[in-house]
Amino acid sequence: MAKIFCVANQKGGVGKTTTTVNLAAGLAKIGQRVLVVDLDPQGNATMGSGIDKRALTASVYDVLLESTTVAEARQRAEASGYDVLGANRELAGAEVELVELERREQRLKAALAPITKDYDFILIDCPPSLSMLTLNGLCSAHGVVVPMQCEYFALEGLTDLVNTIKQIHANLNADLQIIGLLRVMFDPRITLQQQVSEQLKAHFGEKVFDTVIPRNVRLAEAPSYGMPGVVFDGASKGAQAFIDFAKEMVQRVETMR
Ligand code: ADP
Ligand code: MG
């Protein structure tokens with residue numbers, strides 16, 4: 001049975017999608033069966049896995065509105081080594097359409113249930129908001145991975161996310177926990193980043209992953225080739241860090257069982 005994780009942070013541009021596709025590719029490399037669910041209407045995780053979001057015959061939107069199943073809508077990202085439930089702009093409409101429906105925040109969870117046996121990991125790339133889409137992600141998941149840059153306002157932004165996760169844990173999904181905070185786009189030469197990194201460890205202790213993802217241009221270049229950095233240039237520092245992170249995730253999951 002798959003462990004299901006949301007990659008979430010309500011800020012945009014913090015590295016959620018990069019984390020989702022590279023963790024997925026890293027996990028695939030070490031033999032794990034992985035599904036990526038793109039829950040962002042921008043469809044960056046879809047494109048970054050090598051699947052054309054404009055050419056989807058069925059997407060996560062159709063799944064949320066129950067006009068198709070995950071088994072029908074998922075596609076193989078051949079080069080990346082994992083499956084993708086894709087998204088495109090259509091998904092922006094789901095936000096409004098879901099509000100009218102019953103069990104509106106549990107739709108993704110219900111849709112994933114029949115296929116969790118097919119995977120070891122399901123990774124959900126969330127949009128940069130605490131919206132109905134993110135709520136669907138958080139209601140489906142066992143845990144949340146929070147990528148963050150070690151910048152001055154990083155801790156402040158975390159409070160909202162931590163409170164939202166606490167509320168969902170209390171009311172909608174008792175399984176939900178923060179699995180860990182992942183320091184991304186890290187540059188050790190910047191003193192402020194080191195300081196914030198230390199603060200994070202002081203505040204969150206064990207919840208801060210040991211692996212640190214460095215700022216690495218190969219990770220930023222990879223999406224334009226329709227590949228995760230781990231596949232595009234496996235020897236790069238960024239790719240190596242994500243492979244380490246995949247191993248760390250496998251270990252964390254073992255301690256959850
Ligand atoms: P989000 O999904 O949170 O909006 P992205 O993963 O799309 O964030 O990352 C935002 C931008 O930063 C993208 O252009 C991405 O290529 C770049 N980026 C992310 N992680 C790194 C990294 N470790 N090194 C260099 N660039 C990165
Ligand atoms: Mg994104």
# chains A, B, ... in the order shown; residues from 1 in each chain; ligands from 1

$ residues_around --residues "A:Tyr82" --least-positions-apart "3" --cutoff "6 Å" --atoms "only C-alpha atoms" --output "list in words"
Val34, Leu35 and Ala77 of chain A

$ write_last_selection --atoms "C-alpha atoms" --output "mmCIF file, in the first residue's frame"
data_model
loop_
_atom_site.group_PDB
_atom_site.id
_atom_site.type_symbol
_atom_site.label_atom_id
_atom_site.label_comp_id
_atom_site.auth_asym_id
_atom_site.auth_seq_id
_atom_site.Cartn_x
_atom_site.Cartn_y
_atom_site.Cartn_z
ATOM 1 C CA VAL A 34 5.687 6.059 -7.745
ATOM 2 C CA LEU A 35 2.664 8.074 -8.871
ATOM 3 C CA ALA A 77 6.388 9.254 -17.749
#

$ closest_atom_pairs --of "chain A" --to "ligand 1" --cutoff "8 Å" --atoms "only C-alpha atoms and all ligand atoms" --output "tab-separated table"
residue	atom	partner	partner_atom_place_in_ligand_line	distance
A:Ala8	CA	ligand 1	3 (O)	7.9
A:Asn9	CA	ligand 1	3 (O)	7.0
A:Lys11	CA	ligand 1	3 (O)	6.6
A:Gly12	CA	ligand 1	4 (O)	4.1
A:Gly13	CA	ligand 1	4 (O)	3.3
A:Val14	CA	ligand 1	3 (O)	3.9
A:Gly15	CA	ligand 1	6 (O)	3.2
A:Lys16	CA	ligand 1	3 (O)	3.7
A:Thr17	CA	ligand 1	2 (O)	3.7
A:Thr18	CA	ligand 1	6 (O)	3.7
A:Thr19	CA	ligand 1	6 (O)	6.3
A:Thr20	CA	ligand 1	6 (O)	7.9
A:Asn44	CA	ligand 1	7 (O)	7.0
A:Asp125	CA	ligand 1	2 (O)	7.6
A:Cys126	CA	ligand 1	2 (O)	7.8
A:Pro127	CA	ligand 1	2 (O)	7.3
A:Pro128	CA	ligand 1	4 (O)	6.6
A:Pro147	CA	ligand 1	3 (O)	7.8
A:Val184	CA	ligand 1	23 (N)	5.4
A:Met185	CA	ligand 1	23 (N)	3.9
A:Phe186	CA	ligand 1	23 (N)	6.9
A:Ile213	CA	ligand 1	23 (N)	5.6
A:Pro214	CA	ligand 1	23 (N)	5.1
A:Arg215	CA	ligand 1	24 (N)	3.4
A:Asn216	CA	ligand 1	24 (N)	3.9
A:Val217	CA	ligand 1	25 (C)	4.9
A:Arg218	CA	ligand 1	25 (C)	7.1
A:Leu219	CA	ligand 1	24 (N)	5.4
A:Ala220	CA	ligand 1	16 (O)	3.3
A:Glu221	CA	ligand 1	16 (O)	6.5
A:Ala222	CA	ligand 1	16 (O)	7.6
A:Pro223	CA	ligand 1	16 (O)	6.9
A:Gly238	CA	ligand 1	23 (N)	6.2

$ residues_around --residues "A:Asp118" --least-positions-apart "5" --cutoff "12 Å" --atoms "only C-alpha atoms" --output "PyMOL selection string"
chain A and resi 1-3+32-35+70-71+74+82-83+112-113

$ atom_distance --atom1 "atom CA of A:Gly81" --atom2 "atom CA of A:Phe242"
14.9 Å

$ atom_distance --atom1 "atom CA of A:Leu85" --atom2 "atom CA of A:Asp38"
6.2 Å

$ atom_distance --atom1 "atom CA of A:Leu130" --atom2 "atom CA of A:Ile179"
18.0 Å

$ decode --residues "stretch 9-43 of chain A" --atoms "N, CA, C and O atoms" --output "compact mmCIF listing (two decimals), in the first residue's frame"
# COMPACT_ATOMS: atom_id res chain seq x y z
N ASN A 9 3.38 24.07 0.34
CA ASN A 9 3.84 25.32 0.95
C ASN A 9 3.02 26.37 0.21
O ASN A 9 2.96 26.34 -1.02
N GLN A 10 2.33 27.23 0.96
CA GLN A 10 1.39 28.14 0.28
C GLN A 10 2.09 29.23 -0.52
O GLN A 10 1.45 29.96 -1.27
N LYS A 11 3.42 29.33 -0.35
CA LYS A 11 4.15 30.30 -1.17
C LYS A 11 4.47 29.71 -2.54
O LYS A 11 4.70 28.51 -2.66
N GLY A 12 4.49 30.56 -3.54
CA GLY A 12 4.88 30.12 -4.89
C GLY A 12 6.39 30.21 -5.05
O GLY A 12 7.06 30.98 -4.36
N GLY A 13 6.91 29.41 -5.95
CA GLY A 13 8.33 29.53 -6.30
C GLY A 13 9.29 29.06 -5.23
O GLY A 13 10.47 29.41 -5.26
N VAL A 14 8.82 28.24 -4.27
CA VAL A 14 9.71 27.78 -3.20
C VAL A 14 10.33 26.41 -3.48
O VAL A 14 11.12 25.92 -2.69
N GLY A 15 9.94 25.80 -4.60
CA GLY A 15 10.56 24.52 -4.94
C GLY A 15 9.67 23.30 -4.76
O GLY A 15 10.16 22.17 -4.74
N LYS A 16 8.36 23.51 -4.67
CA LYS A 16 7.44 22.36 -4.51
C LYS A 16 7.52 21.41 -5.70
O LYS A 16 7.69 20.20 -5.54
N THR A 17 7.36 21.98 -6.90
CA THR A 17 7.32 21.11 -8.08
C THR A 17 8.67 20.44 -8.33
O THR A 17 8.73 19.25 -8.66
N THR A 18 9.73 21.20 -8.15
CA THR A 18 11.07 20.63 -8.30
C THR A 18 11.26 19.47 -7.32
O THR A 18 11.80 18.43 -7.68
N THR A 19 10.79 19.66 -6.10
CA THR A 19 10.89 18.60 -5.10
C THR A 19 10.05 17.40 -5.50
O THR A 19 10.52 16.25 -5.43
N THR A 20 8.82 17.64 -5.95
CA THR A 20 7.93 16.53 -6.29
C THR A 20 8.53 15.66 -7.40
O THR A 20 8.64 14.44 -7.24
N VAL A 21 8.93 16.28 -8.51
CA VAL A 21 9.36 15.46 -9.66
C VAL A 21 10.74 14.82 -9.41
O VAL A 21 10.99 13.70 -9.85
N ASN A 22 11.60 15.52 -8.68
CA ASN A 22 12.93 14.94 -8.43
C ASN A 22 12.91 13.89 -7.34
O ASN A 22 13.63 12.89 -7.43
N LEU A 23 12.05 14.08 -6.34
CA LEU A 23 11.88 13.02 -5.34
C LEU A 23 11.28 11.79 -6.02
O LEU A 23 11.73 10.65 -5.78
N ALA A 24 10.30 12.01 -6.89
CA ALA A 24 9.68 10.89 -7.61
C ALA A 24 10.72 10.14 -8.44
O ALA A 24 10.80 8.91 -8.39
N ALA A 25 11.54 10.89 -9.17
CA ALA A 25 12.55 10.25 -10.02
C ALA A 25 13.61 9.56 -9.17
O ALA A 25 14.09 8.48 -9.52
N GLY A 26 13.97 10.16 -8.05
CA GLY A 26 14.93 9.55 -7.13
C GLY A 26 14.39 8.25 -6.55
O GLY A 26 15.10 7.24 -6.50
N LEU A 27 13.14 8.28 -6.15
CA LEU A 27 12.51 7.07 -5.60
C LEU A 27 12.43 5.98 -6.67
O LEU A 27 12.70 4.80 -6.40
N ALA A 28 12.08 6.39 -7.90
CA ALA A 28 12.00 5.41 -9.00
C ALA A 28 13.37 4.77 -9.23
O ALA A 28 13.47 3.56 -9.44
N LYS A 29 14.40 5.60 -9.14
CA LYS A 29 15.77 5.10 -9.35
C LYS A 29 16.17 4.04 -8.35
O LYS A 29 16.96 3.16 -8.66
N ILE A 30 15.64 4.15 -7.13
CA ILE A 30 15.99 3.15 -6.11
C ILE A 30 14.91 2.07 -6.00
O ILE A 30 14.78 1.40 -4.98
N GLY A 31 14.12 1.95 -7.09
CA GLY A 31 13.25 0.79 -7.19
C GLY A 31 11.86 0.93 -6.61
O GLY A 31 11.13 -0.06 -6.48
N GLN A 32 11.46 2.16 -6.27
CA GLN A 32 10.12 2.36 -5.71
C GLN A 32 9.12 2.63 -6.84
O GLN A 32 9.46 3.23 -7.86
N ARG A 33 7.89 2.18 -6.62
CA ARG A 33 6.83 2.44 -7.59
C ARG A 33 6.13 3.74 -7.18
O ARG A 33 5.64 3.86 -6.05
N VAL A 34 6.11 4.70 -8.12
CA VAL A 34 5.69 6.06 -7.75
C VAL A 34 4.62 6.60 -8.69
O VAL A 34 4.70 6.43 -9.91
N LEU A 35 3.63 7.27 -8.11
CA LEU A 35 2.66 8.07 -8.87
C LEU A 35 2.80 9.53 -8.43
O LEU A 35 2.79 9.82 -7.23
N VAL A 36 2.93 10.42 -9.40
CA VAL A 36 2.88 11.86 -9.12
C VAL A 36 1.49 12.37 -9.48
O VAL A 36 0.99 12.13 -10.58
N VAL A 37 0.86 13.07 -8.54
CA VAL A 37 -0.43 13.71 -8.80
C VAL A 37 -0.19 15.21 -8.89
O VAL A 37 0.27 15.83 -7.92
N ASP A 38 -0.47 15.78 -10.05
CA ASP A 38 -0.29 17.23 -10.22
C ASP A 38 -1.60 17.91 -9.82
O ASP A 38 -2.61 17.77 -10.49
N LEU A 39 -1.56 18.65 -8.72
CA LEU A 39 -2.79 19.33 -8.25
C LEU A 39 -2.72 20.83 -8.51
O LEU A 39 -3.49 21.58 -7.92
N ASP A 40 -1.80 21.25 -9.36
CA ASP A 40 -1.66 22.68 -9.64
C ASP A 40 -2.09 22.95 -11.08
O ASP A 40 -1.54 22.33 -12.01
N PRO A 41 -3.06 23.86 -11.29
CA PRO A 41 -3.52 24.17 -12.65
C PRO A 41 -2.39 24.63 -13.58
O PRO A 41 -2.54 24.58 -14.80
N GLN A 42 -1.27 25.07 -13.02
CA GLN A 42 -0.13 25.44 -13.87
C GLN A 42 0.46 24.24 -14.60
O GLN A 42 1.16 24.40 -15.60
N GLY A 43 0.22 23.04 -14.07
CA GLY A 43 0.66 21.81 -14.75
C GLY A 43 2.17 21.67 -14.86
O GLY A 43 2.66 20.96 -15.74
